[in-house]
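What follows is a set of notes on a single structure, which appears directly below.
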Amino acid sequence: MLRPALACGRLHRPRYRSLGGSGAPGQSSALFSSEAAPGEQPQPQQPPDDAATIVQGPSLLAATGAHRPSPSLFHLPGLRSLPVWTAPEPSGEQNENQRRHRIAFNDPIVTSAVQHVEANYDDIRAEYFAAVLGQGNEVDPQRSDSVSKPLEPDYDVASKGGEHAEDALHKGSWDWHSYILNGTKNEGFQERCPKTARVVDDLEKEGMLFGTPFSFCFFSTLHGHSSIQAHTGPMNLRLRMHLPLVVPKKADASPAPPNDTQQSATRPAVGMRVADQIREWHEGSAVVLDDSYVHEVWNETDEPRVLFLLDVWHPDVRRDERERITNMFAYAREKGWVGASK
């Protein structure tokens, strides 16, 4: 079983040492590393130089009462960190100054990715309705080849071996229609949603699209009276973008769960919590979050909520680091340690 790992490449970033756990004090073992762990024999086939270090223990202080990133698998030190990188939608119309400063740190990379995706909102939404719901397709009952079947959901969120493998995180009905699933592109999606695929491919050409076995891009449909329980993502290397396509009409706020840490006694009928922030979606306005923070999602209405979700690189991960990280996870995937088995 993989334990949380820290990147330890040649770049200057904060370093950590384990102070306890199953190993001797101060020891750490190698993950995807050419150096054998203490007491182990070197493997005949040596992995690449790009490596991470498994931290024995853990000896990390986490239960402080404050919300901090806590990825379940891999952590790269020294990255800027916020639960949500987009400002909440203000009441009324936004002026130009508010739109200009809605991205955290005014980061140009994240801003460029958000603007590109939002500019293609109409095309992405139209292709969702056509490919997933079958709306707007020409149907001739005399010609079977003219009937275009809707895309089928392609990810069993309760199955073993997926990103959410330990337990079923969702209650109710949650459908995925994926362009990228575990880092692999779906040609069928590309054929049915060419404009949407092109938007994503453009980000890939610019080096923004996250590219590991933990990369995802899909239409996320959370049906009414469904929820996704609080959890954290596997790493802090990516930022996750939501482009809301269909948001149920606002309903009366509901009481917050008994274990909710928010001071407010109510929450919106459809929304999400990232760390201590509760956000609602607005159609056409992207939300960028760091899913290495604990987060949960709910839809307590009678209607589905639909997002276009995609992962981009955290802007502080340098291009040379991205290449080495990609090599590391490619080796791990080849070994069958991560990602879907093929």
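Labels used: A, B, ... for chains in the order of the structure tokens, numbers from 1 for residues in each chain, and numbers from 1 for ligands as shown.
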query = So which residues touch His170 of chain A within 8 Å, counting only C-alpha atoms, skipping near sequence neighbours fewer than 4 positions away, as an NGL selection string?
reply = :A and (157 or 174 or 226-229)
message = I'd like the neighbourhood of segment 324-331 of chain A as a ChimeraX atom specification, where a residue qualifies if any of its atoms comes within 6 Å (using only C-alpha atoms), though same-chain residues fewer than 3 positions away should be ignored.
response = /A:50,212,321,334
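Here atom CA of Val274 of chain A stands at a distance of 4.3 Å from atom CA of His295 of chain A.
The two atoms in question, atom CA of Ala130 of chain A and atom CA of Tyr179 of chain A, are spaced 15.2 Å apart.
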Shell of 9 Å around Trp313 of chain A, only C-alpha atoms, local chain residues under 3 positions omitted, as a PDB file with N, CA, C and O atoms, in the first residue's frame:
```
ATOM      1  N   GLY A 207       0.903  23.454 -22.031  1.00  0.00           N
ATOM      2  CA  GLY A 207       1.543  22.893 -20.851  1.00  0.00           C
ATOM      3  C   GLY A 207       0.763  23.074 -19.562  1.00  0.00           C
ATOM      4  O   GLY A 207       1.309  22.891 -18.476  1.00  0.00           O
ATOM      5  N   MET A 208      -0.526  23.431 -19.673  1.00  0.00           N
ATOM      6  CA  MET A 208      -1.333  23.670 -18.474  1.00  0.00           C
ATOM      7  C   MET A 208      -2.069  22.421 -17.990  1.00  0.00           C
ATOM      8  O   MET A 208      -2.342  22.269 -16.794  1.00  0.00           O
ATOM      9  N   LEU A 209      -2.408  21.517 -18.906  1.00  0.00           N
ATOM     10  CA  LEU A 209      -3.233  20.363 -18.553  1.00  0.00           C
ATOM     11  C   LEU A 209      -2.433  19.383 -17.706  1.00  0.00           C
ATOM     12  O   LEU A 209      -1.324  18.995 -18.060  1.00  0.00           O
ATOM     13  N   PHE A 210      -2.982  18.983 -16.582  1.00  0.00           N
ATOM     14  CA  PHE A 210      -2.327  18.037 -15.685  1.00  0.00           C
ATOM     15  C   PHE A 210      -2.196  16.695 -16.396  1.00  0.00           C
ATOM     16  O   PHE A 210      -3.151  16.212 -17.004  1.00  0.00           O
ATOM     17  N   GLY A 211      -1.022  16.080 -16.318  1.00  0.00           N
ATOM     18  CA  GLY A 211      -0.777  14.867 -17.092  1.00  0.00           C
ATOM     19  C   GLY A 211      -0.123  13.752 -16.314  1.00  0.00           C
ATOM     20  O   GLY A 211       1.061  13.498 -16.487  1.00  0.00           O
ATOM     21  N   LEU A 237      -0.418  18.633  -6.504  1.00  0.00           N
ATOM     22  CA  LEU A 237       0.224  19.031  -7.750  1.00  0.00           C
ATOM     23  C   LEU A 237      -0.735  19.682  -8.729  1.00  0.00           C
ATOM     24  O   LEU A 237      -0.306  20.304  -9.693  1.00  0.00           O
ATOM     25  N   ARG A 238      -2.019  19.532  -8.522  1.00  0.00           N
ATOM     26  CA  ARG A 238      -3.007  19.970  -9.484  1.00  0.00           C
ATOM     27  C   ARG A 238      -3.983  20.950  -8.853  1.00  0.00           C
ATOM     28  O   ARG A 238      -4.152  20.978  -7.627  1.00  0.00           O
ATOM     29  N   LEU A 239      -4.626  21.731  -9.688  1.00  0.00           N
ATOM     30  CA  LEU A 239      -5.796  22.497  -9.306  1.00  0.00           C
ATOM     31  C   LEU A 239      -6.956  21.967 -10.132  1.00  0.00           C
ATOM     32  O   LEU A 239      -6.781  21.603 -11.305  1.00  0.00           O
ATOM     33  N   ARG A 240      -8.124  21.926  -9.548  1.00  0.00           N
ATOM     34  CA  ARG A 240      -9.305  21.359 -10.218  1.00  0.00           C
ATOM     35  C   ARG A 240     -10.265  22.481 -10.584  1.00  0.00           C
ATOM     36  O   ARG A 240     -10.632  23.307  -9.750  1.00  0.00           O
ATOM     37  N   ASP A 316       2.764  26.686  -9.556  1.00  0.00           N
ATOM     38  CA  ASP A 316       4.084  26.752  -8.932  1.00  0.00           C
ATOM     39  C   ASP A 316       4.939  25.528  -9.234  1.00  0.00           C
ATOM     40  O   ASP A 316       6.124  25.505  -8.875  1.00  0.00           O
ATOM     41  N   VAL A 317       4.363  24.508  -9.863  1.00  0.00           N
ATOM     42  CA  VAL A 317       5.155  23.350 -10.273  1.00  0.00           C
ATOM     43  C   VAL A 317       5.834  23.705 -11.593  1.00  0.00           C
ATOM     44  O   VAL A 317       5.178  23.907 -12.608  1.00  0.00           O
ATOM     45  N   ARG A 322       7.537  19.221 -13.709  1.00  0.00           N
ATOM     46  CA  ARG A 322       6.403  18.499 -14.283  1.00  0.00           C
ATOM     47  C   ARG A 322       6.894  17.306 -15.099  1.00  0.00           C
ATOM     48  O   ARG A 322       6.310  16.215 -15.041  1.00  0.00           O
TER      49      ARG A 322
END
```
request  = DSSP on the backbone, then: every residue of segment 167-325 of chain A marked strand (DSSP E or B), written as a PyMOL selection string.
outcome  = chain A and resi 170-171+174-181+184-185+209+217-222+226-231+235+238-246+254-255+266-267+270-274+277-279+282+285+287-289+295-299+305-313
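The coordinates place atom CA of Gly271 of chain A at 26.7 Å from atom CA of Leu79 of chain A.
Using only C-alpha atoms for every distance, the candidate list A:Val110, A:Ala51, A:Val84, A:Leu76 yields A:Val110 as the residue closest to Pro315 of chain A.
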inquiry  = Need to verify the contact set: segment 297-312 of chain A, 8 Å, only C-alpha atoms, exclusion of same-chain residues closer than 6 positions in sequence. Can you return it as a PyMOL selection string?
reply    = chain A and resi 124+208-210+215-230+238-248+251+269-273
request  = Using backbone DSSP assignments, extract all helix (DSSP H, G or I) residues from segment 191-293 of chain A; output them as an MDAnalysis selection string.
outcome  = chainID A and resid 191:192 194:205
Would you write out those residues with N, CA and C atoms, as a PDB file, in the first residue's frame?
```
ATOM      1  N   GLU A 191     -14.773  12.155 -30.411  1.00  0.00           N
ATOM      2  CA  GLU A 191     -15.594  12.125 -31.620  1.00  0.00           C
ATOM      3  C   GLU A 191     -16.935  12.816 -31.400  1.00  0.00           C
ATOM      4  N   ARG A 192     -17.522  12.620 -30.222  1.00  0.00           N
ATOM      5  CA  ARG A 192     -18.852  13.154 -29.953  1.00  0.00           C
ATOM      6  C   ARG A 192     -18.816  14.602 -29.477  1.00  0.00           C
ATOM      7  N   PRO A 194     -16.179  17.212 -30.116  1.00  0.00           N
ATOM      8  CA  PRO A 194     -14.900  17.688 -30.672  1.00  0.00           C
ATOM      9  C   PRO A 194     -14.510  19.077 -30.204  1.00  0.00           C
ATOM     10  N   LYS A 195     -15.480  19.974 -30.045  1.00  0.00           N
ATOM     11  CA  LYS A 195     -15.143  21.331 -29.609  1.00  0.00           C
ATOM     12  C   LYS A 195     -14.668  21.335 -28.158  1.00  0.00           C
ATOM     13  N   THR A 196     -15.337  20.540 -27.323  1.00  0.00           N
ATOM     14  CA  THR A 196     -14.921  20.434 -25.925  1.00  0.00           C
ATOM     15  C   THR A 196     -13.528  19.836 -25.822  1.00  0.00           C
ATOM     16  N   ALA A 197     -13.284  18.775 -26.596  1.00  0.00           N
ATOM     17  CA  ALA A 197     -11.972  18.140 -26.586  1.00  0.00           C
ATOM     18  C   ALA A 197     -10.899  19.112 -27.050  1.00  0.00           C
ATOM     19  N   ARG A 198     -11.238  19.952 -28.023  1.00  0.00           N
ATOM     20  CA  ARG A 198     -10.254  20.910 -28.538  1.00  0.00           C
ATOM     21  C   ARG A 198      -9.883  21.939 -27.475  1.00  0.00           C
ATOM     22  N   VAL A 199     -10.847  22.340 -26.659  1.00  0.00           N
ATOM     23  CA  VAL A 199     -10.562  23.279 -25.571  1.00  0.00           C
ATOM     24  C   VAL A 199      -9.518  22.683 -24.625  1.00  0.00           C
ATOM     25  N   VAL A 200      -9.706  21.409 -24.292  1.00  0.00           N
ATOM     26  CA  VAL A 200      -8.782  20.736 -23.389  1.00  0.00           C
ATOM     27  C   VAL A 200      -7.429  20.533 -24.050  1.00  0.00           C
ATOM     28  N   ASP A 201      -7.445  20.137 -25.321  1.00  0.00           N
ATOM     29  CA  ASP A 201      -6.183  19.927 -26.040  1.00  0.00           C
ATOM     30  C   ASP A 201      -5.374  21.220 -26.146  1.00  0.00           C
ATOM     31  N   ASP A 202      -6.072  22.351 -26.273  1.00  0.00           N
ATOM     32  CA  ASP A 202      -5.371  23.640 -26.307  1.00  0.00           C
ATOM     33  C   ASP A 202      -4.603  23.874 -25.007  1.00  0.00           C
ATOM     34  N   LEU A 203      -5.220  23.542 -23.886  1.00  0.00           N
ATOM     35  CA  LEU A 203      -4.539  23.680 -22.596  1.00  0.00           C
ATOM     36  C   LEU A 203      -3.335  22.747 -22.513  1.00  0.00           C
ATOM     37  N   GLU A 204      -3.485  21.568 -23.089  1.00  0.00           N
ATOM     38  CA  GLU A 204      -2.377  20.612 -23.088  1.00  0.00           C
ATOM     39  C   GLU A 204      -1.205  21.151 -23.900  1.00  0.00           C
ATOM     40  N   LYS A 205      -1.484  21.755 -25.055  1.00  0.00           N
ATOM     41  CA  LYS A 205      -0.421  22.309 -25.891  1.00  0.00           C
ATOM     42  C   LYS A 205       0.334  23.424 -25.172  1.00  0.00           C
TER      43      LYS A 205
END
```
Surrounding residues of Pro153 of chain A excluding itself and chain neighbours under 5 positions, 9 Å, only C-alpha atoms, as a PyMOL selection string = chain A and resi 132+175-178
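Near Phe105 of chain A, within a cut-off of 10 Å and counting only C-alpha atoms, sit the residues Arg80, Trp85, Thr86 and Thr111 of chain A, with same-chain residues fewer than 6 positions away left out.
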Take the residues from that selection and put them in a file with N, CA and C atoms, as an mmCIF file, in the first residue's frame.
```cif
data_model
loop_
_atom_site.group_PDB
_atom_site.id
_atom_site.type_symbol
_atom_site.label_atom_id
_atom_site.label_comp_id
_atom_site.auth_asym_id
_atom_site.auth_seq_id
_atom_site.Cartn_x
_atom_site.Cartn_y
_atom_site.Cartn_z
ATOM 1 N N ARG A 80 2.202 27.499 -3.229
ATOM 2 C CA ARG A 80 1.165 28.360 -2.657
ATOM 3 C C ARG A 80 -0.106 27.544 -2.466
ATOM 4 N N TRP A 85 -9.327 29.105 -5.444
ATOM 5 C CA TRP A 85 -8.511 30.105 -6.131
ATOM 6 C C TRP A 85 -9.347 31.130 -6.891
ATOM 7 N N THR A 86 -10.653 31.016 -6.857
ATOM 8 C CA THR A 86 -11.529 31.981 -7.517
ATOM 9 C C THR A 86 -12.400 32.649 -6.472
ATOM 10 N N THR A 111 -5.398 32.296 -14.552
ATOM 11 C CA THR A 111 -6.307 33.227 -15.218
ATOM 12 C C THR A 111 -6.486 32.861 -16.682
#
```
